[in-house]
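Asks: Data: input-v8.cif, mmCIF, C-alpha atoms.
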```cif
data_protein
#
loop_
_atom_site.label_atom_id
_atom_site.label_comp_id
_atom_site.auth_asym_id
_atom_site.auth_seq_id
_atom_site.Cartn_x
_atom_site.Cartn_y
_atom_site.Cartn_z
CA MET R 131 -117.14 109.50 -35.65
CA LYS R 132 -114.67 111.67 -33.82
CA ASN R 133 -114.28 109.06 -31.10
CA LYS R 134 -113.62 106.40 -33.71
CA GLU R 135 -110.88 108.51 -35.27
CA GLN R 136 -109.37 109.15 -31.85
CA LYS R 137 -109.41 105.41 -31.14
CA ILE R 138 -107.67 104.65 -34.43
CA LEU R 139 -105.07 107.32 -33.65
CA GLN R 140 -104.49 105.97 -30.12
CA ASP R 141 -104.20 102.40 -31.43
CA TRP R 142 -101.70 103.60 -34.04
CA ILE R 143 -99.66 105.42 -31.38
CA ASN R 144 -99.72 102.40 -29.05
CA THR R 145 -98.61 100.05 -31.82
CA LEU R 146 -95.82 102.44 -32.77
CA GLN R 147 -94.67 102.34 -29.16
CA GLY R 148 -94.66 98.52 -29.21
CA ILE R 149 -97.83 97.98 -27.21
CA VAL R 150 -100.02 95.10 -28.39
CA VAL R 151 -103.52 96.37 -29.14
CA ARG R 152 -106.34 93.90 -29.59
CA GLY R 153 -109.21 94.42 -32.00
CA MET R 154 -107.67 97.28 -33.92
CA ASP R 155 -107.98 97.98 -37.64
CA SER R 156 -105.64 95.55 -39.42
CA LYS R 157 -104.43 98.08 -42.00
CA THR R 158 -103.54 100.62 -39.34
CA ARG R 159 -101.77 97.90 -37.34
CA LEU R 160 -99.74 96.85 -40.38
CA GLU R 161 -98.78 100.45 -41.13
CA ALA R 162 -97.71 101.08 -37.55
CA ARG R 163 -95.72 97.85 -37.31
CA LEU R 164 -93.95 98.49 -40.59
CA LEU R 165 -93.07 101.99 -39.49
CA ARG R 166 -91.81 100.79 -36.11
CA LYS R 167 -89.69 98.08 -37.67
CA ALA R 168 -88.21 100.47 -40.21
CA TRP R 169 -87.46 102.94 -37.44
CA LEU R 170 -85.77 100.34 -35.24
CA ASP R 171 -83.65 99.13 -38.16
CA GLU R 172 -82.70 102.69 -39.03
CA ASN R 173 -81.74 103.33 -35.41
CA LYS R 174 -79.45 100.31 -35.49
CA LYS R 175 -77.81 101.56 -38.68
CA ILE R 176 -77.26 105.01 -37.20
CA GLU R 177 -75.98 103.62 -33.90
CA ASN R 178 -73.46 101.56 -35.82
CA LYS R 179 -72.04 104.79 -37.20
CA ILE R 180 -71.57 106.19 -33.68
CA PRO R 181 -68.61 104.77 -31.72
CA ASP R 182 -69.46 102.91 -28.50
CA ARG R 183 -66.91 104.78 -26.46
CA ASP R 184 -65.89 108.37 -27.03
CA GLU R 185 -63.70 109.57 -24.19
CA PRO R 186 -62.54 112.81 -25.95
CA PHE R 187 -66.22 113.77 -26.21
CA TYR R 188 -66.51 113.91 -22.41
CA GLN R 189 -63.02 115.32 -21.88
CA ASN R 190 -63.90 118.35 -23.95
CA ILE R 191 -67.13 118.79 -22.03
CA ARG R 192 -65.41 118.57 -18.65
CA ALA R 193 -62.79 121.11 -19.70
CA ALA R 194 -65.42 123.50 -21.04
CA ILE R 195 -67.56 123.22 -17.90
CA LYS R 196 -64.52 123.91 -15.73
CA LYS R 197 -63.69 126.96 -17.81
CA LYS R 198 -67.25 128.26 -17.75
CA LYS R 199 -67.59 127.91 -14.00
CA HIS R 200 -64.46 129.99 -13.43
CA LYS R 201 -65.76 132.88 -15.47
CA THR R 202 -67.63 135.57 -13.59
CA PRO R 203 -71.17 136.24 -14.82
CA VAL R 204 -70.52 140.01 -15.12
CA LYS R 205 -67.66 139.41 -17.51
CA ASN R 206 -69.84 137.06 -19.54
CA LEU R 207 -72.54 139.66 -19.81
CA TRP R 208 -70.16 142.32 -21.12
CA ALA R 209 -68.45 139.85 -23.39
CA SER R 210 -71.73 138.80 -24.94
CA PHE R 211 -72.82 142.45 -25.26
CA PHE R 212 -69.73 143.48 -27.17
CA GLU R 213 -69.54 140.27 -29.17
CA ASN R 214 -71.54 141.90 -31.90
CA LYS R 215 -70.08 145.39 -32.24
CA PHE R 216 -72.81 146.65 -34.53
CA LYS R 217 -75.53 145.58 -32.08
CA ALA R 218 -73.69 147.19 -29.19
CA PHE R 219 -73.23 150.42 -31.16
CA LEU R 220 -76.89 150.46 -32.11
CA VAL R 221 -78.00 149.88 -28.53
CA VAL R 222 -75.76 152.68 -27.24
CA ILE R 223 -76.94 155.15 -29.89
CA LEU R 224 -80.61 154.36 -29.45
CA GLY R 225 -80.29 154.38 -25.67
CA THR R 226 -78.53 157.75 -25.62
CA GLY R 227 -81.06 159.20 -28.04
CA PHE R 228 -83.94 157.98 -25.92
CA VAL R 229 -82.46 159.41 -22.72
CA TYR R 230 -81.69 162.74 -24.41
CA ALA R 231 -85.16 163.01 -25.94
CA SER R 232 -86.94 162.15 -22.70
CA LYS R 233 -84.79 164.60 -20.73
CA LYS R 234 -85.54 167.36 -23.22
CA THR R 235 -89.26 166.63 -23.05
CA TYR R 236 -89.19 166.53 -19.27
CA ASP R 237 -87.22 169.77 -19.05
CA GLY R 238 -89.59 171.41 -21.50
CA VAL R 239 -92.71 170.38 -19.58
CA VAL R 240 -91.21 171.41 -16.24
CA SER R 241 -89.96 174.76 -17.48
CA ILE R 242 -93.31 175.60 -19.10
CA SER R 243 -95.18 174.85 -15.90
CA GLU R 244 -92.67 176.89 -13.91
CA GLU R 245 -92.91 179.82 -16.29
CA LEU R 246 -96.71 179.70 -16.13
CA ASN R 247 -96.67 179.84 -12.32
CA HIS R 248 -94.14 182.66 -12.21
CA ILE R 249 -95.83 186.02 -11.49
CA VAL R 250 -94.20 189.07 -13.08
CA LEU R 251 -96.89 191.69 -12.46
CA ALA R 252 -96.92 193.91 -9.44
CA LYS R 253 -99.86 193.47 -7.13
CA GLU R 254 -102.17 196.38 -6.42
CA THR R 255 -101.74 197.73 -2.93
CA THR R 256 -104.67 199.00 -0.87
CA ASP R 257 -104.23 202.78 -0.33
CA LYS R 258 -104.79 203.95 -3.86
CA ILE R 259 -107.06 206.84 -4.60
CA THR R 260 -109.65 206.12 -7.20
CA LYS R 261 -110.74 209.16 -9.15
CA ASP R 262 -114.38 209.59 -9.97
CA ILE R 263 -113.84 209.82 -13.64
CA GLU R 264 -116.46 208.72 -16.07
CA GLN R 265 -115.68 205.45 -17.69
CA ASN R 266 -114.07 206.10 -21.01
CA ASP R 267 -116.09 203.68 -23.09
CA LYS R 268 -114.48 203.06 -26.43
CA SER R 269 -116.78 202.80 -29.37
CA PHE R 270 -116.82 199.79 -31.68
CA TRP R 271 -114.93 201.86 -34.23
CA ASP R 272 -112.18 202.83 -31.74
CA GLU R 273 -111.94 199.27 -30.50
CA HIS R 274 -111.52 197.47 -33.79
CA PHE R 275 -110.08 200.04 -36.22
CA ASP R 276 -106.85 201.96 -35.98
CA LYS R 277 -106.52 205.71 -36.47
CA HIS R 278 -106.00 205.26 -40.20
CA GLY R 279 -109.21 203.28 -40.56
CA GLY R 280 -107.52 199.88 -40.85
CA PHE R 281 -109.28 196.87 -39.34
CA THR R 282 -107.43 195.51 -36.34
CA GLY R 283 -109.63 192.48 -35.70
CA PHE R 284 -111.50 191.61 -32.57
CA TRP R 285 -108.46 191.97 -30.42
CA SER R 286 -106.55 195.10 -29.76
CA ARG R 287 -103.16 195.15 -31.37
CA TYR R 288 -102.19 197.89 -28.96
CA ALA R 289 -102.98 195.85 -25.89
CA PRO R 290 -100.13 196.13 -23.40
CA LYS R 291 -98.02 193.08 -22.79
CA ASP R 292 -98.52 191.22 -19.54
CA ASN R 293 -95.46 192.62 -17.81
CA GLU R 294 -96.16 196.16 -19.01
CA LYS R 295 -99.57 196.64 -17.47
CA THR R 296 -100.45 200.33 -17.64
CA ILE R 297 -102.06 202.40 -14.95
CA PRO R 298 -105.81 202.85 -15.44
CA GLU R 299 -106.76 206.46 -16.01
CA ASP R 300 -109.19 206.60 -13.09
CA VAL R 301 -106.59 205.69 -10.46
CA ASN R 302 -104.24 207.90 -8.54
CA ASP R 303 -101.12 205.72 -8.46
CA ASN R 304 -99.49 205.21 -5.03
CA LEU R 305 -96.19 204.20 -6.72
CA CYS R 306 -96.38 200.64 -5.41
CA SER R 307 -98.96 198.94 -7.60
CA TYR R 308 -97.78 198.91 -11.22
CA ASN R 309 -94.52 197.65 -12.66
CA ILE R 310 -93.67 200.85 -14.46
CA THR R 311 -94.02 203.14 -11.45
CA LEU R 312 -92.78 200.95 -8.62
CA ASN R 313 -90.86 202.97 -6.04
CA LEU R 314 -88.84 201.29 -3.34
CA GLU R 315 -89.37 203.95 -0.64
CA LYS R 316 -93.14 204.09 -1.13
CA CYS R 317 -93.33 200.32 -1.13
CA LEU R 318 -91.16 200.06 2.00
CA VAL R 319 -93.60 202.31 3.88
CA LEU R 320 -96.46 200.00 2.96
CA ALA R 321 -94.39 196.86 3.53
CA ASN R 322 -93.58 198.02 7.07
CA LYS R 323 -97.32 198.17 7.63
CA TYR R 324 -97.40 194.43 6.90
CA ASP R 325 -98.96 194.84 3.48
CA SER R 326 -98.14 191.48 1.89
CA ASN R 327 -98.76 192.81 -1.63
CA ALA R 328 -96.26 195.64 -1.07
CA GLN R 329 -93.71 193.10 0.19
CA PHE R 330 -94.39 190.99 -2.89
CA ASN R 331 -93.87 194.06 -5.10
CA ILE R 332 -90.50 194.81 -3.47
CA GLY R 333 -89.52 191.20 -4.13
CA LEU R 334 -90.55 191.65 -7.75
CA MET R 335 -88.54 194.92 -8.00
CA TYR R 336 -85.42 193.13 -6.83
CA GLU R 337 -86.06 190.09 -9.00
CA LEU R 338 -86.66 192.04 -12.23
CA GLY R 339 -84.39 194.95 -11.33
CA ILE R 340 -87.16 197.60 -11.49
CA ASN R 341 -85.76 200.89 -10.22
CA VAL R 342 -83.30 198.99 -7.97
CA GLU R 343 -80.24 196.92 -8.53
CA GLN R 344 -81.27 193.34 -9.35
CA SER R 345 -80.73 190.94 -6.46
CA TYR R 346 -82.26 187.51 -6.37
CA PHE R 347 -81.26 187.11 -2.76
CA GLN R 348 -83.14 190.31 -1.74
CA ALA R 349 -86.07 189.24 -3.89
CA TYR R 350 -86.13 185.90 -2.13
CA GLU R 351 -86.07 187.54 1.29
CA TRP R 352 -89.02 189.80 0.46
CA TYR R 353 -91.02 186.98 -1.10
CA LYS R 354 -90.40 185.01 2.07
CA LYS R 355 -91.77 187.83 4.20
CA SER R 356 -94.81 188.18 1.98
CA SER R 357 -95.51 184.45 1.90
CA ALA R 358 -95.27 184.39 5.70
CA LEU R 359 -98.27 186.71 5.64
CA GLY R 360 -100.12 184.20 3.45
CA ASN R 361 -99.36 185.52 -0.02
CA GLU R 362 -99.57 182.46 -2.29
CA ASP R 363 -98.06 184.24 -5.32
CA ALA R 364 -95.00 185.23 -3.26
CA LYS R 365 -94.64 181.61 -2.26
CA SER R 366 -94.80 180.42 -5.87
CA ASN R 367 -92.24 183.05 -6.99
CA MET R 368 -89.99 181.99 -4.14
CA GLU R 369 -90.17 178.36 -5.35
CA TYR R 370 -89.47 179.56 -8.90
CA LEU R 371 -86.23 181.23 -7.77
CA ILE R 372 -85.16 178.03 -6.00
CA LYS R 373 -86.07 175.72 -8.89
CA LYS R 374 -84.27 177.88 -11.39
CA GLY R 375 -81.23 177.79 -9.17
CA LEU R 376 -81.12 181.59 -8.83
CA VAL R 377 -80.84 181.37 -5.06
CA TYR R 378 -79.35 178.62 -2.94
CA MET T 211 -86.00 89.81 -7.00
CA THR T 212 -85.12 91.69 -10.16
CA LYS T 213 -85.07 95.46 -10.18
CA GLU T 214 -87.15 97.11 -12.93
CA LYS T 215 -85.10 99.14 -15.42
CA PRO T 216 -85.85 102.85 -15.02
CA SER T 217 -87.60 104.50 -17.96
CA LYS T 218 -85.79 107.04 -20.13
CA GLY T 219 -87.77 109.78 -18.40
CA HIS T 220 -86.56 108.70 -14.96
CA GLN T 221 -83.00 108.40 -16.23
CA ALA T 222 -83.09 111.95 -17.58
CA THR T 223 -84.52 113.22 -14.28
CA GLU T 224 -81.71 111.46 -12.39
CA ILE T 225 -79.09 113.14 -14.58
CA VAL T 226 -80.63 116.59 -14.16
CA ARG T 227 -80.87 116.12 -10.37
CA LEU T 228 -77.14 115.41 -10.26
CA LEU T 229 -76.42 118.48 -12.38
CA VAL T 230 -78.52 120.68 -10.11
CA ASP T 231 -76.47 119.32 -7.17
CA ASN T 232 -73.29 120.36 -9.03
CA ARG T 233 -72.21 116.76 -9.54
CA SER T 234 -71.51 117.07 -13.25
CA ASP T 235 -68.95 114.22 -13.38
CA GLU T 236 -71.46 111.68 -12.12
CA ALA T 237 -74.13 113.14 -14.38
CA LEU T 238 -71.91 112.74 -17.44
CA LYS T 239 -71.16 109.12 -16.52
CA LEU T 240 -74.88 108.40 -16.33
CA PHE T 241 -75.45 110.28 -19.58
CA GLU T 242 -73.13 107.81 -21.27
CA LYS T 243 -74.38 104.80 -19.32
CA TYR T 244 -78.02 105.40 -20.23
CA GLY T 245 -77.14 105.89 -23.90
CA PHE T 246 -78.17 109.53 -24.19
CA ARG T 247 -75.08 110.42 -26.24
CA LYS T 248 -76.01 107.98 -28.96
CA GLU T 249 -79.68 108.91 -28.69
CA PHE T 250 -79.11 112.64 -29.19
CA ILE T 251 -76.44 112.25 -31.85
CA GLY T 252 -78.78 109.87 -33.67
CA PHE T 253 -81.65 112.33 -33.34
CA ALA T 254 -79.53 115.09 -34.89
CA MET T 255 -78.32 112.77 -37.65
CA LYS T 256 -81.90 111.95 -38.55
CA SER T 257 -82.44 115.67 -39.13
CA GLY T 258 -79.81 115.46 -41.87
CA ILE T 259 -76.73 116.56 -39.90
CA ASP T 260 -73.60 114.46 -40.39
CA TYR T 261 -71.92 112.64 -37.52
CA GLU T 262 -69.14 115.16 -36.79
CA ASP T 263 -71.51 118.13 -36.67
CA ALA T 264 -74.07 116.17 -34.67
CA ARG T 265 -71.36 115.25 -32.15
CA ASP T 266 -70.33 118.91 -31.80
CA LEU T 267 -73.95 119.95 -31.43
CA VAL T 268 -74.56 117.45 -28.64
CA GLN T 269 -71.38 118.64 -26.91
CA LYS T 270 -72.59 122.21 -27.14
CA PHE T 271 -75.98 121.16 -25.84
CA ILE T 272 -74.43 119.49 -22.79
CA ILE T 273 -72.10 122.41 -22.03
CA ASP T 274 -74.36 125.39 -22.71
CA LYS T 275 -77.78 124.03 -21.86
CA LEU T 276 -77.73 120.87 -19.83
CA CYS T 277 -74.97 121.85 -17.40
CA MET T 278 -75.61 125.59 -17.27
CA LYS T 279 -79.40 125.83 -17.41
CA SER T 280 -80.66 122.62 -15.87
CA ASP T 281 -81.53 124.45 -12.63
CA SER T 282 -84.07 126.51 -14.57
CA ILE T 283 -86.25 123.48 -15.39
CA LYS T 284 -89.69 124.13 -13.92
CA ASN T 285 -90.70 120.50 -13.51
CA ILE T 286 -87.76 118.15 -13.05
CA GLU T 287 -90.00 115.15 -13.76
CA PHE T 288 -90.21 116.38 -17.35
CA ALA T 289 -86.41 116.52 -17.72
CA ARG T 290 -86.37 114.35 -20.85
CA THR T 291 -89.04 116.52 -22.44
CA TRP T 292 -87.03 119.64 -21.58
CA MET T 293 -83.90 118.07 -23.05
CA TYR T 294 -85.64 117.33 -26.34
CA GLN T 295 -87.31 120.75 -26.35
CA VAL T 296 -83.97 122.54 -26.00
CA PHE T 297 -82.06 120.22 -28.32
CA ARG T 298 -84.76 120.52 -30.99
CA ASN T 299 -84.45 124.32 -30.81
CA MET T 300 -80.68 124.02 -31.18
CA ILE T 301 -81.12 121.86 -34.26
CA ASN T 302 -83.55 124.39 -35.69
CA ASP T 303 -81.20 127.30 -34.98
CA GLN T 304 -77.78 125.86 -35.72
CA GLY T 305 -78.30 122.44 -37.26
CA ARG T 306 -80.19 123.73 -40.27
CA MET T 307 -77.34 126.15 -40.96
CA LEU T 308 -74.87 123.25 -40.83
CA ILE T 309 -76.97 121.31 -43.34
CA ARG T 310 -77.22 124.35 -45.61
CA ASN T 311 -73.45 124.89 -45.54
CA ARG T 312 -72.72 121.27 -46.27
CA GLU T 313 -75.06 120.17 -49.02
CA VAL T 314 -75.89 122.27 -52.03
CA PRO T 315 -78.19 121.41 -54.90
CA LEU T 316 -79.65 118.19 -53.57
CA ASP T 317 -83.24 119.41 -53.71
CA GLU T 318 -83.75 118.33 -57.29
CA ASN T 319 -82.46 114.83 -56.52
CA LYS T 320 -84.77 114.62 -53.53
CA ASP T 321 -87.78 115.39 -55.68
CA GLN T 322 -86.68 112.85 -58.22
CA ALA T 323 -86.46 110.18 -55.55
CA TYR T 324 -89.93 111.04 -54.37
CA GLU T 325 -91.41 111.17 -57.83
CA GLN T 326 -89.70 108.02 -59.06
CA LYS T 327 -91.90 105.53 -57.17
CA THR T 328 -90.25 102.52 -58.77
CA TYR T 329 -88.04 100.23 -56.83
CA ASP T 330 -85.56 97.54 -57.36
CA LYS T 331 -87.26 94.15 -57.51
CA ASN T 332 -84.79 92.80 -55.01
CA GLN T 333 -85.73 95.45 -52.46
CA THR T 334 -87.45 94.03 -49.38
CA LEU T 335 -90.50 95.55 -47.76
CA THR T 336 -88.46 96.77 -44.78
CA ASP T 337 -85.94 98.44 -47.09
CA CYS T 338 -88.77 100.12 -48.93
CA VAL T 339 -90.37 101.44 -45.72
CA GLN T 340 -86.99 102.67 -44.53
CA GLU T 341 -86.48 104.47 -47.81
CA GLN T 342 -89.93 106.00 -47.59
CA LEU T 343 -89.29 107.07 -44.01
CA LYS T 344 -86.22 108.97 -45.20
CA ILE T 345 -88.20 110.64 -47.96
CA PHE T 346 -90.97 111.44 -45.48
CA ARG T 347 -88.38 113.14 -43.25
CA GLU T 348 -87.19 115.28 -46.12
CA LYS T 349 -90.68 116.14 -47.35
CA GLU T 350 -92.42 116.58 -43.99
CA PRO T 351 -89.71 117.27 -41.40
CA LYS T 352 -92.09 118.54 -38.71
CA HIS T 353 -94.44 115.58 -39.03
CA ALA T 354 -91.54 113.14 -39.13
CA GLU T 355 -90.19 114.72 -35.97
CA VAL T 356 -93.46 114.08 -34.13
CA VAL T 357 -93.49 110.46 -35.37
CA GLU T 358 -89.96 110.18 -34.02
CA PHE T 359 -91.11 111.41 -30.60
CA ILE T 360 -93.99 108.91 -30.59
CA LEU T 361 -91.58 106.12 -31.41
CA LYS T 362 -89.35 107.31 -28.57
CA ASP T 363 -92.24 106.52 -26.18
CA LEU T 364 -93.10 110.11 -25.41
CA ASN T 365 -96.77 110.70 -24.63
CA THR T 366 -99.04 113.40 -26.07
CA GLU T 367 -98.48 115.74 -23.12
CA GLN T 368 -94.68 115.53 -23.50
CA ILE T 369 -94.86 115.99 -27.27
CA ARG T 370 -97.16 118.94 -26.73
CA LEU T 371 -94.53 120.60 -24.52
CA ILE T 372 -91.76 119.94 -27.02
CA ILE T 373 -93.53 121.29 -30.07
CA GLY T 374 -95.28 124.10 -28.17
CA ARG T 375 -98.89 123.42 -29.16
CA SER T 376 -102.10 122.85 -27.22
CA TYR T 377 -103.16 119.32 -26.35
CA GLY T 378 -105.93 119.28 -28.96
CA ALA T 379 -103.69 120.72 -31.66
CA THR T 380 -101.03 118.13 -30.87
CA ARG T 381 -103.53 115.27 -31.20
CA GLU T 382 -104.67 116.72 -34.50
CA PHE T 383 -101.07 117.03 -35.64
CA MET T 384 -100.40 113.40 -34.71
CA SER T 385 -103.45 112.35 -36.69
CA GLN T 386 -102.12 114.32 -39.66
CA CYS T 387 -98.78 112.50 -39.29
CA ARG T 388 -100.53 109.15 -39.67
CA LYS T 389 -102.50 110.34 -42.69
CA LYS T 390 -99.49 111.98 -44.32
CA PHE T 391 -97.30 108.92 -43.96
CA ARG T 392 -99.94 106.61 -45.47
CA PRO T 393 -99.28 107.53 -49.16
CA PHE T 394 -95.57 106.89 -48.60
CA LEU T 395 -96.37 103.40 -47.36
CA GLU T 396 -98.77 102.65 -50.18
CA ILE T 397 -95.83 102.53 -52.59
CA CYS T 398 -94.35 99.73 -50.50
CA ASN T 399 -97.71 97.91 -50.48
CA GLU T 400 -97.42 97.70 -54.26
CA ILE T 401 -94.08 95.95 -53.90
CA ASP T 402 -95.61 93.60 -51.37
CA GLU T 403 -98.41 92.69 -53.78
CA LYS T 404 -95.92 91.96 -56.57
#
```
Written as structure tokens, that's how I'd like the structure from this file.

Replies:
Amino acid sequence: MKNKEQKILQDWINTLQGIVVRGMDSKTRLEARLLRKAWLDENKKIENKIPDRDEPFYQNIRAAIKKKKHKTPVKNLWASFFENKFKAFLVVILGTGFVYASKKTYDGVVSISEELNHIVLAKETTDKITKDIEQNDKSFWDEHFDKHGGFTGFWSRYAPKDNEKTIPEDVNDNLCSYNITLNLEKCLVLANKYDSNAQFNIGLMYELGINVEQSYFQAYEWYKKSSALGNEDAKSNMEYLIKKGLVY
Amino acid sequence: MTKEKPSKGHQATEIVRLLVDNRSDEALKLFEKYGFRKEFIGFAMKSGIDYEDARDLVQKFIIDKLCMKSDSIKNIEFARTWMYQVFRNMINDQGRMLIRNREVPLDENKDQAYEQKTYDKNQTLTDCVQEQLKIFREKEPKHAEVVEFILKDLNTEQIRLIIGRSYGATREFMSQCRKKFRPFLEICNEIDEK
């Protein structure tokens, strides 16, 4: 059935194109021949409306081609871009917005990762004296309720902030292990003994300005010394100073 | 020994080859010699565009497309197909706008002509078919366009490329063209019987 339909279609097409087809359906043949004749007659009518010679037609084309070939493609590109001022304005606005947004996002992601890697706590140096004091275990009540009896939750609201780590009670501080008691002279003694943590702490003192005058350059130098002894945190702080543009 | 006349396809390929070689003057001479100016203007006029606009459209086609973009044709053997593909798009983009700007409330008249179905007794069968072909063009422009391509000796593969359908879908569309035109012809059969 499908083949028969395809044959009728092909016969119809062939007859339309002026090919003589033998043994085809007479009605289809008549339809195709009528259509072809009508089409040819119509073509003649239309062609009669079109002049046989039209020299200005080609003159215009030649002039336009000449003009187009002289134009540089760059100029064409800009010309077409600014042809529609609204489109151009929209493209510029959207493009600028996209660049601004992506830069902000990128800066945000980079700065967060940098901040996370940046160490701001002094490292504990080795020659500390640990007192044999009994562990002061806080009761559940002390841990989760304040002195007035108010519930503080399962976290301590009095917990020290990261960069304000306090000295544990059972330790005799050597003045080069905790941010609040860092002392340059004590640290220098340890640093001269190639204690990389002490060198790191001096770097931190200079960077944050703890008990010394803040100097990123000095901080960088001390971090460099510490990282040379294999201190990874000193290395990451050193990179932080460079990335932030604090040292050159 | 007589030399066989090159087909329209070969003529179009010859023109495009010259354009690719930057020999636009010779290409334009051949364009005229092989009757492509009349062919394309006629094609546009059949879409309902008047002569002046059709002439401008063909000029634009030659300048912007044929001369400037002929080197982008993938298969130069299909140059005629490419020409019709591009020109058809131009008619769809710009030609329709020209028609819209020119004629206004003709739609009602068109319907009347289609609905009328009565003809002058003096009208011949050929006149009737021609009239019906016009109405078919107005009612079913896409189908009429494909019939036009068939009559222009383009094969299914070439028509497929022009209208942007698969081979099977194009065959089906051609079959629909035949079936859709049949009722238009039946009116003329009545005249023939009388």

Asks: Mind telling me what the PyMOL selection byres ((chain R) within 10 of (chain T)) catches here, as a count of residues only?

Replies: 47

Asks: So what do you get for CA of Glu315 (chain R) versus CA of Ala328 (chain R), distance-wise?

Replies: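 Rounded to one decimal, the two atoms are 10.8 Å apart.
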
Asks: So which residues touch region 229-244 of chain R within 7 Å, counting only C-alpha atoms, skipping near sequence neighbours fewer than 4 positions away, as a list of chain:residue names?

Replies: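 Residues meeting the cut-off are R:Gly225, R:His248, R:Tyr370.
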
Asks: Please compute the CA of Gly333 (chain R)-CA of Tyr350 (chain R) distance, one decimal, in Å.

Replies: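 For CA of Gly333 (chain R) relative to CA of Tyr350 (chain R), the distance reads 6.6 Å.
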
Asks: Applied to this file, what does the PyMOL selection byres ((chain R and resi 334-341) around 10) return in terms of residues, put as a ChimeraX atom specification?

Replies: /R:249-253,309-314,317,328-333,342-353,364,367,371,376

Asks: What lies within 7 Å of Arg370 (chain T) using all atoms listed in the file, ignoring chain neighbours under 6 positions off, as a PyMOL selection string?

Replies: chain T and resi 376-377+380

Asks: Distance CA of Phe383 (chain T)-CA of Asp141 (chain R), one decimal place?

Replies: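 CA of Asp141 (chain R) lies at a distance of 15.5 Å from CA of Phe383 (chain T).
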
Asks: So, with only C-alpha atoms as the atoms that count, which of T:Thr334, T:Ser280, T:Thr223, T:Asn232 lies closest to Val296 (chain T)?

Replies: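 Distance minimum relative to Val296 (chain T) lands on T:Ser280.
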
Asks: Can you spell out as a count of residues only the set of residues that the PyMOL selection byres ((chain T and resi 225) around 8) selects in the structure I just provided?

Replies: 12

Asks: With distances taken over all atoms listed in the file, which residue among R:Thr296, R:Gly227, R:Cys306, R:Lys374 lies nearest Leu318 (chain R)?

Replies: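 Checking each candidate against Leu318 (chain R), we get R:Cys306 as the closest.
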
Asks: Around region 230-246 of chain R, with edges along x, y and z and 5 Å added on all six sides, what centre and edge lengths do you get, in Å to one decimal, as JSON?

Replies:
```
{"center_x": -89.2, "center_y": 171.0, "center_z": -19.9, "size_x": 25.0, "size_y": 27.7, "size_z": 22.0}
```

Asks: Between R:Thr256, R:Leu220, R:Phe270, R:Asn133, which one has atoms that come closest to Tyr324 (chain R), using all atoms listed in the file?

Replies: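 Checking each of R:Thr256, R:Leu220, R:Phe270, R:Asn133 against Tyr324 (chain R), counting all atoms listed in the file, the winner is R:Thr256.
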